[in-house]
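**Student:** Mind having a look at this structure? Questions to follow.
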Amino acid sequence: MKLTDEVFIAAPREDVYAALNDVEVLKDCIPGCEELVRHSDTELEAKVLLKVGPVKARFSGTVTLTPEEPPRRFTLTGSGSGGTAGFAKGGADVVLQEQDGGTCLTYEAHADIGGKLAQLGSRLVHGTAKKLSARFFKAFAERVTTSETALVPGRATSANGG
Amino acid sequence: MNDMTPEGREERRGKLKGLGHARRRVEDARFTQGKGNYIDDINLSGMLFGDFVRSPHAHARITSIDASAALELPGVVAVLTADDLRPLDLHWMPTLAGDKQMVLADGKVLFQGQEVAFVVARDRYVAADAVDLVEIEYEELPVITDPFESLQSDVVLREDLDPEAPGSHGPRRHHNHIFLWEEGDKAATEQAIESSEVVAEEMIYYHRTHPCPLETCGSVASMDKVNGKLTLWGTFQAPHVVRTVASILSGIEEHNIRVISPDIGGGFGNKVGVYPGYVCSIVASIVTGSPVKWVEDRMENLMSTAFARDYWMKGRISATKDGRITGLHCHVTADHGAFDACADPTKFPAGFFHICTGSYDIPVAYVAVDGAYTNKAPGGVAYRCSFRVTEAAYMIERMIEVLAIELGMDAAELRARNFIREDQFPYQSALGWEYDSGDYHTAWNKALEAVNYEGLRREQAERVEAFNRGETRKLLGIGLTHFTEIVGAGPMKNCDILGMGMFDSCEIRIHPTGSAIVRLGTISQGQGHATTFAQILASEIGISSDSITVEEGDTDTAPYGLGTYGSRSTPVAGAAAAMAGRKIRAKAQMIAAYLLEVHEDDLEWDVDRFAVKGAPERFKTMAEIAFASYNQAIPGVEPGLEAVSYYDPPNMTYPFGAYICVMEIDVDTGEHEIRQFYALDDCGTRINPMVIEGQVHGGLTEALAIAMGQEIAYDDLGNIKTATLMDFFMPTSWETPTYTTAFTETPSPHHPIGAKGVGESPNVGGVPAFSNAVHDAFRPFGLRHSHMPHDHWRIWKVAHELGLHG
């Protein structure tokens, strides 16, 4: 599964970058996140309650952040297991560009999923991932800006309704 | 009225409801009222429930299993893993194909959904909850889902096998190779093809699918530790074989095991094999001392118990310019999944695939089948067909169509030009079979006439013109098939399963008042044995089928038999029934002679009685004879009227049929509409026309499913993408077209009543008929072949690739 999107956040790039590295911010913004522990600058451990279609499970996993060119670009990779519900592993390339006084965040994520999650939810996984990511960025934008209209997802492709 | 007259005789014959009578199925009263007794209806006092922890990975090493949290859950009795089964040597079990299979994952998992641990709990829900609490750590390994890749890959799937050692079907040339099986004259075939004027070649994939019976697999094991007896109820298509296998595996003497197949809600090959669930329920019952039930859910059924097909068939067929076939060459790459658990007679690792010369007089042929391991579920069962016969029929019926394209010839004409002629039977095929009887030209002409074939071809040509003028977006396809099956396995000289010859059996007891109980070694899964076997006997012994009880499936009472699959019940057990009936009649004749004070030779059989030749008013009915057999001392004759017959068939039977499917296809949506489906079946002597019609309707609907959408699909990680009925196509009345059935009747010369078996013909012939209709619609636009299943998306893609979307 591949997921790409572009999100405009009405906050300076440094603020956005810092927030993306702030465990408290992430924990509040990741949908279903129950625990997020930082083990080192680059290692995080998470517990997330996920529901995809008929599959509901608590996923626990690790995330590795690799700052490629802070604050412009970083990558993350991770894997998680939801027991009998299945497993997921993947990563994302995130690029932050200064734009119109705010930040344009683009990401390219890829994920492999397995187990019941893939069997039952395959047609739902993509939609669910998009929905979760939209919820994350909405919450995230609210945290790093004061304005509720700061988030303009899919700005580059707004012709199709964003 | 005088019942000796022809009319009177007919009336007596009618009352018997014997051969040829459209007798209503006696099973239906209970099935249609929800009064069946299926495996999940069996509830015993103190019964526990088992459920599997299954692997989410298709290929991984197991680094740890922690069942402590599961065991703490109230109601959980035990959690079994391979380590618990190892001391009993039950962590692996033999497969029907000569391989072995893990009962519970031993160190690694080889397919998604593989059984890793067996949780036993006081109720089904607790068991399911506990499954979630068993913590297993895996270390992922590279996944191979493609058999061609598997045979090249460095990744070793089966680390338990010595890569140098031969398998049970000869040498293995690669660590993921299972066998190479060959039949026919390779050199002569290659020479014939190379020197031919026209050669057609095509790779034909018969995709992986699943029998998906409405009732999933399950078992209830009850070990009585006091008397040492194990009773095992289960969804078994071959209960007697299960008893023998259970005895060999467990060390319990066979007389101490009673296997019972209750009502079975469809089998279609899915319930032939022995599954880890059966073994685990037995072990759990032995360990706990309580009865243990295991019933798989739908996902488990589609994920783990036997799949069907998955054959990559590379065909080459050659002919003269005027369409005489000169040779057939076929190489198959067979994906058997993680363990070779195909259900075939032992000596035939590719089943009867070498029936692939079909209905045609092909002078020389050669087939080779390479079996490969992959990270997919094991199986390869005969899904409503005799062993690999659907694959064979699909291959040859597609190759005929491709050859017709190559020759620029009408495919109906090409078939007719190459059919085995009636005067050639018994016919010796190039691949070693002796076809018992057939009259293909008569059936074919009848079918073509019935659908007005020439008219359809004219309509199709007009449709193509209208399409080209932009007046319609719908194409018309005419799908032709003439199939020949090989069923009724089989003669003991070459057919056995785990060393047991594939005979079958029937035991008859006539009661004093002239009714009877009949027991057979087979087991109905919906075929209606209680109806039809009684009819065979009614005609043989002159007792109304309404007065004959048919029982199957209890190994303590029924005679040993090899079970029901591969359309073998009528050809083998049906023959045993007729032969046992004839034994009854022979004894009855002796009794009648004594009662009538004449010599046996002076008697003749007359529907339901023995009458004195030339004096038909002097007779004894079978009911009178039965009564006498129990209450009169007859010199030289034992009391009672019973018989048993074990029948070893001298040959297989070869049912055939001519099917024509007329299909409309919308090139823009890929949707299809079946306008007409004509199915002519020749199954030899017809026992019950109504049951035959029901069988044909059911089989055609399964064929429709397979051809038009049903598949077990995997992604690259080995995830099954079609593990629920949301994704796995099961036709409902909404998708099912109207069928027209017809018949010709060419009896089998070696079967006691001439019957050949019919339950699987419609699946064997239906799949190519539906598929050929799709191909035929696009033939005018240049399509040679496209792989099944022909779902809307794939049909749309075909249209798109042919440039039909502008």
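Residue numbering restarts at 1 for every chain of the structure tokens, chains are lettered A, B, ... in their displayed order, and ligands are numbered from 1 as they appear.
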With only C-alpha atoms as the counted atoms, please give the residues lying no more than 6 Å from segment 266-282 of chain B, apart from itself and same-chain residues fewer than 6 positions off, as number ranges by chain.

**Tutor:** B: 103, 211, 213, 219, 221, 236-237, 292, 306, 381-384, 525-526

**Student:** Create the file for the chosen residues now, containing N, CA and C atoms and written as a PDB file, in the first residue's frame.

**Tutor:**
```
ATOM      1  N   VAL B 103       0.876 -30.948  12.127  1.00  0.00           N
ATOM      2  CA  VAL B 103      -0.425 -30.816  12.784  1.00  0.00           C
ATOM      3  C   VAL B 103      -0.459 -29.467  13.491  1.00  0.00           C
ATOM      4  N   PRO B 211     -13.446 -25.457  -2.577  1.00  0.00           N
ATOM      5  CA  PRO B 211     -14.778 -26.079  -2.642  1.00  0.00           C
ATOM      6  C   PRO B 211     -15.826 -25.338  -1.800  1.00  0.00           C
ATOM      7  N   PRO B 213     -17.738 -25.657   0.961  1.00  0.00           N
ATOM      8  CA  PRO B 213     -19.066 -26.190   1.263  1.00  0.00           C
ATOM      9  C   PRO B 213     -19.772 -25.295   2.279  1.00  0.00           C
ATOM     10  N   SER B 219     -15.171 -31.651  13.787  1.00  0.00           N
ATOM     11  CA  SER B 219     -15.181 -32.991  14.378  1.00  0.00           C
ATOM     12  C   SER B 219     -15.534 -32.908  15.859  1.00  0.00           C
ATOM     13  N   ALA B 221     -14.565 -35.420  19.073  1.00  0.00           N
ATOM     14  CA  ALA B 221     -13.879 -36.635  19.504  1.00  0.00           C
ATOM     15  C   ALA B 221     -14.263 -36.927  20.942  1.00  0.00           C
ATOM     16  N   PHE B 236     -16.623 -36.152   7.316  1.00  0.00           N
ATOM     17  CA  PHE B 236     -15.705 -37.005   6.560  1.00  0.00           C
ATOM     18  C   PHE B 236     -16.366 -37.559   5.304  1.00  0.00           C
ATOM     19  N   GLN B 237     -15.739 -37.327   4.173  1.00  0.00           N
ATOM     20  CA  GLN B 237     -16.229 -37.925   2.937  1.00  0.00           C
ATOM     21  C   GLN B 237     -15.798 -39.387   2.816  1.00  0.00           C
ATOM     22  N   VAL B 292     -14.366 -33.393  22.863  1.00  0.00           N
ATOM     23  CA  VAL B 292     -13.882 -32.092  22.374  1.00  0.00           C
ATOM     24  C   VAL B 292     -14.411 -31.861  20.963  1.00  0.00           C
ATOM     25  N   ALA B 306      -8.512 -27.851   2.569  1.00  0.00           N
ATOM     26  CA  ALA B 306      -8.045 -28.005   1.182  1.00  0.00           C
ATOM     27  C   ALA B 306      -8.655 -27.133   0.100  1.00  0.00           C
ATOM     28  N   VAL B 381      -7.439 -30.650  -3.836  1.00  0.00           N
ATOM     29  CA  VAL B 381      -8.454 -31.699  -3.884  1.00  0.00           C
ATOM     30  C   VAL B 381      -9.301 -31.568  -5.144  1.00  0.00           C
ATOM     31  N   ALA B 382     -10.015 -32.642  -5.408  1.00  0.00           N
ATOM     32  CA  ALA B 382     -10.901 -32.687  -6.566  1.00  0.00           C
ATOM     33  C   ALA B 382     -12.210 -32.012  -6.182  1.00  0.00           C
ATOM     34  N   TYR B 383     -12.318 -30.736  -6.492  1.00  0.00           N
ATOM     35  CA  TYR B 383     -13.496 -29.923  -6.174  1.00  0.00           C
ATOM     36  C   TYR B 383     -14.579 -30.275  -7.180  1.00  0.00           C
ATOM     37  N   ARG B 384     -15.507 -31.057  -6.708  1.00  0.00           N
ATOM     38  CA  ARG B 384     -16.603 -31.554  -7.537  1.00  0.00           C
ATOM     39  C   ARG B 384     -16.115 -32.096  -8.878  1.00  0.00           C
ATOM     40  N   GLN B 525     -23.243 -36.418   0.889  1.00  0.00           N
ATOM     41  CA  GLN B 525     -23.020 -35.056   1.401  1.00  0.00           C
ATOM     42  C   GLN B 525     -24.049 -34.110   0.811  1.00  0.00           C
ATOM     43  N   GLY B 526     -25.154 -34.700   0.345  1.00  0.00           N
ATOM     44  CA  GLY B 526     -26.189 -33.926  -0.323  1.00  0.00           C
ATOM     45  C   GLY B 526     -26.584 -34.539  -1.647  1.00  0.00           C
TER      46      GLY B 526
END
```

**Student:** Do you know which residues are at most 9 Å from Leu65 of chain A counting only C-alpha atoms, after dropping those on the same chain fewer than 2 positions away, and could you put them as a list in words?

**Tutor:**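 Residues near the query, excluding close chain neighbours: Asn21, Asp41, Thr42, Glu43, Leu44, Val63, Pro67, Phe74, Thr75, Leu76, Thr77 and Gly78 of chain A.
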
**Student:** Could you write out as a list in words the residues of chain B within 8 Å of chain A, counting only C-alpha atoms?

**Tutor:**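 So the residues of chain B near chain A are Val53, Arg54, Ser55, Pro56, His57, Gln112, Val131, Asp132, Glu135, Ile136, Leu717, Asn719, Ile720, Lys721, Thr722, Ala723 and Thr724 of chain B.
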
**Student:** From the set B:Asp51, B:Glu735, B:Glu485, B:Glu617, which residue has the shortest atom-to-atom contact distance to Asp123 of chain B, counting only C-alpha atoms?

**Tutor:**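 Looking only at the distances to Asp123 of chain B, the closest residue turns out to be B:Asp51.
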
**Student:** Find the residues near Ala109 of chain A: any atom within 8 Å, counting only C-alpha atoms, skip ones fewer than 4 places away on the same chain, and give them as a count of residues only.

**Tutor:** 7

**Student:** Report as a PyMOL selection string all protein, DNA and RNA residues lying within 8 Å of Ser786 of chain B, evaluated on only C-alpha atoms, omitting residues in the same chain fewer than 3 positions from it.

**Tutor:** chain B and resi 775+783+798

**Student:** Can you write out the residues you just picked, keeping N, CA and C atoms, as a PDB file, in the first residue's frame?

**Tutor:**
```
ATOM      1  N   HIS B 775     -14.363 -16.033 -24.130  1.00  0.00           N
ATOM      2  CA  HIS B 775     -13.338 -15.944 -25.170  1.00  0.00           C
ATOM      3  C   HIS B 775     -13.954 -15.796 -26.557  1.00  0.00           C
ATOM      4  N   LEU B 783      -8.836 -11.971 -29.547  1.00  0.00           N
ATOM      5  CA  LEU B 783      -8.433 -12.612 -28.280  1.00  0.00           C
ATOM      6  C   LEU B 783      -8.169 -14.103 -28.505  1.00  0.00           C
ATOM      7  N   VAL B 798      -9.752  -7.088 -20.578  1.00  0.00           N
ATOM      8  CA  VAL B 798      -9.590  -7.744 -21.887  1.00  0.00           C
ATOM      9  C   VAL B 798     -10.096  -6.803 -22.985  1.00  0.00           C
TER      10      VAL B 798
END
```

**Student:** Using only C-alpha atoms, which of B:Ile42, B:Ala341, B:Ala22, B:Cys217 sits nearest Pro94 of chain B?

**Tutor:**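 Using only C-alpha atoms, Pro94 of chain B sits closest to B:Ala341.
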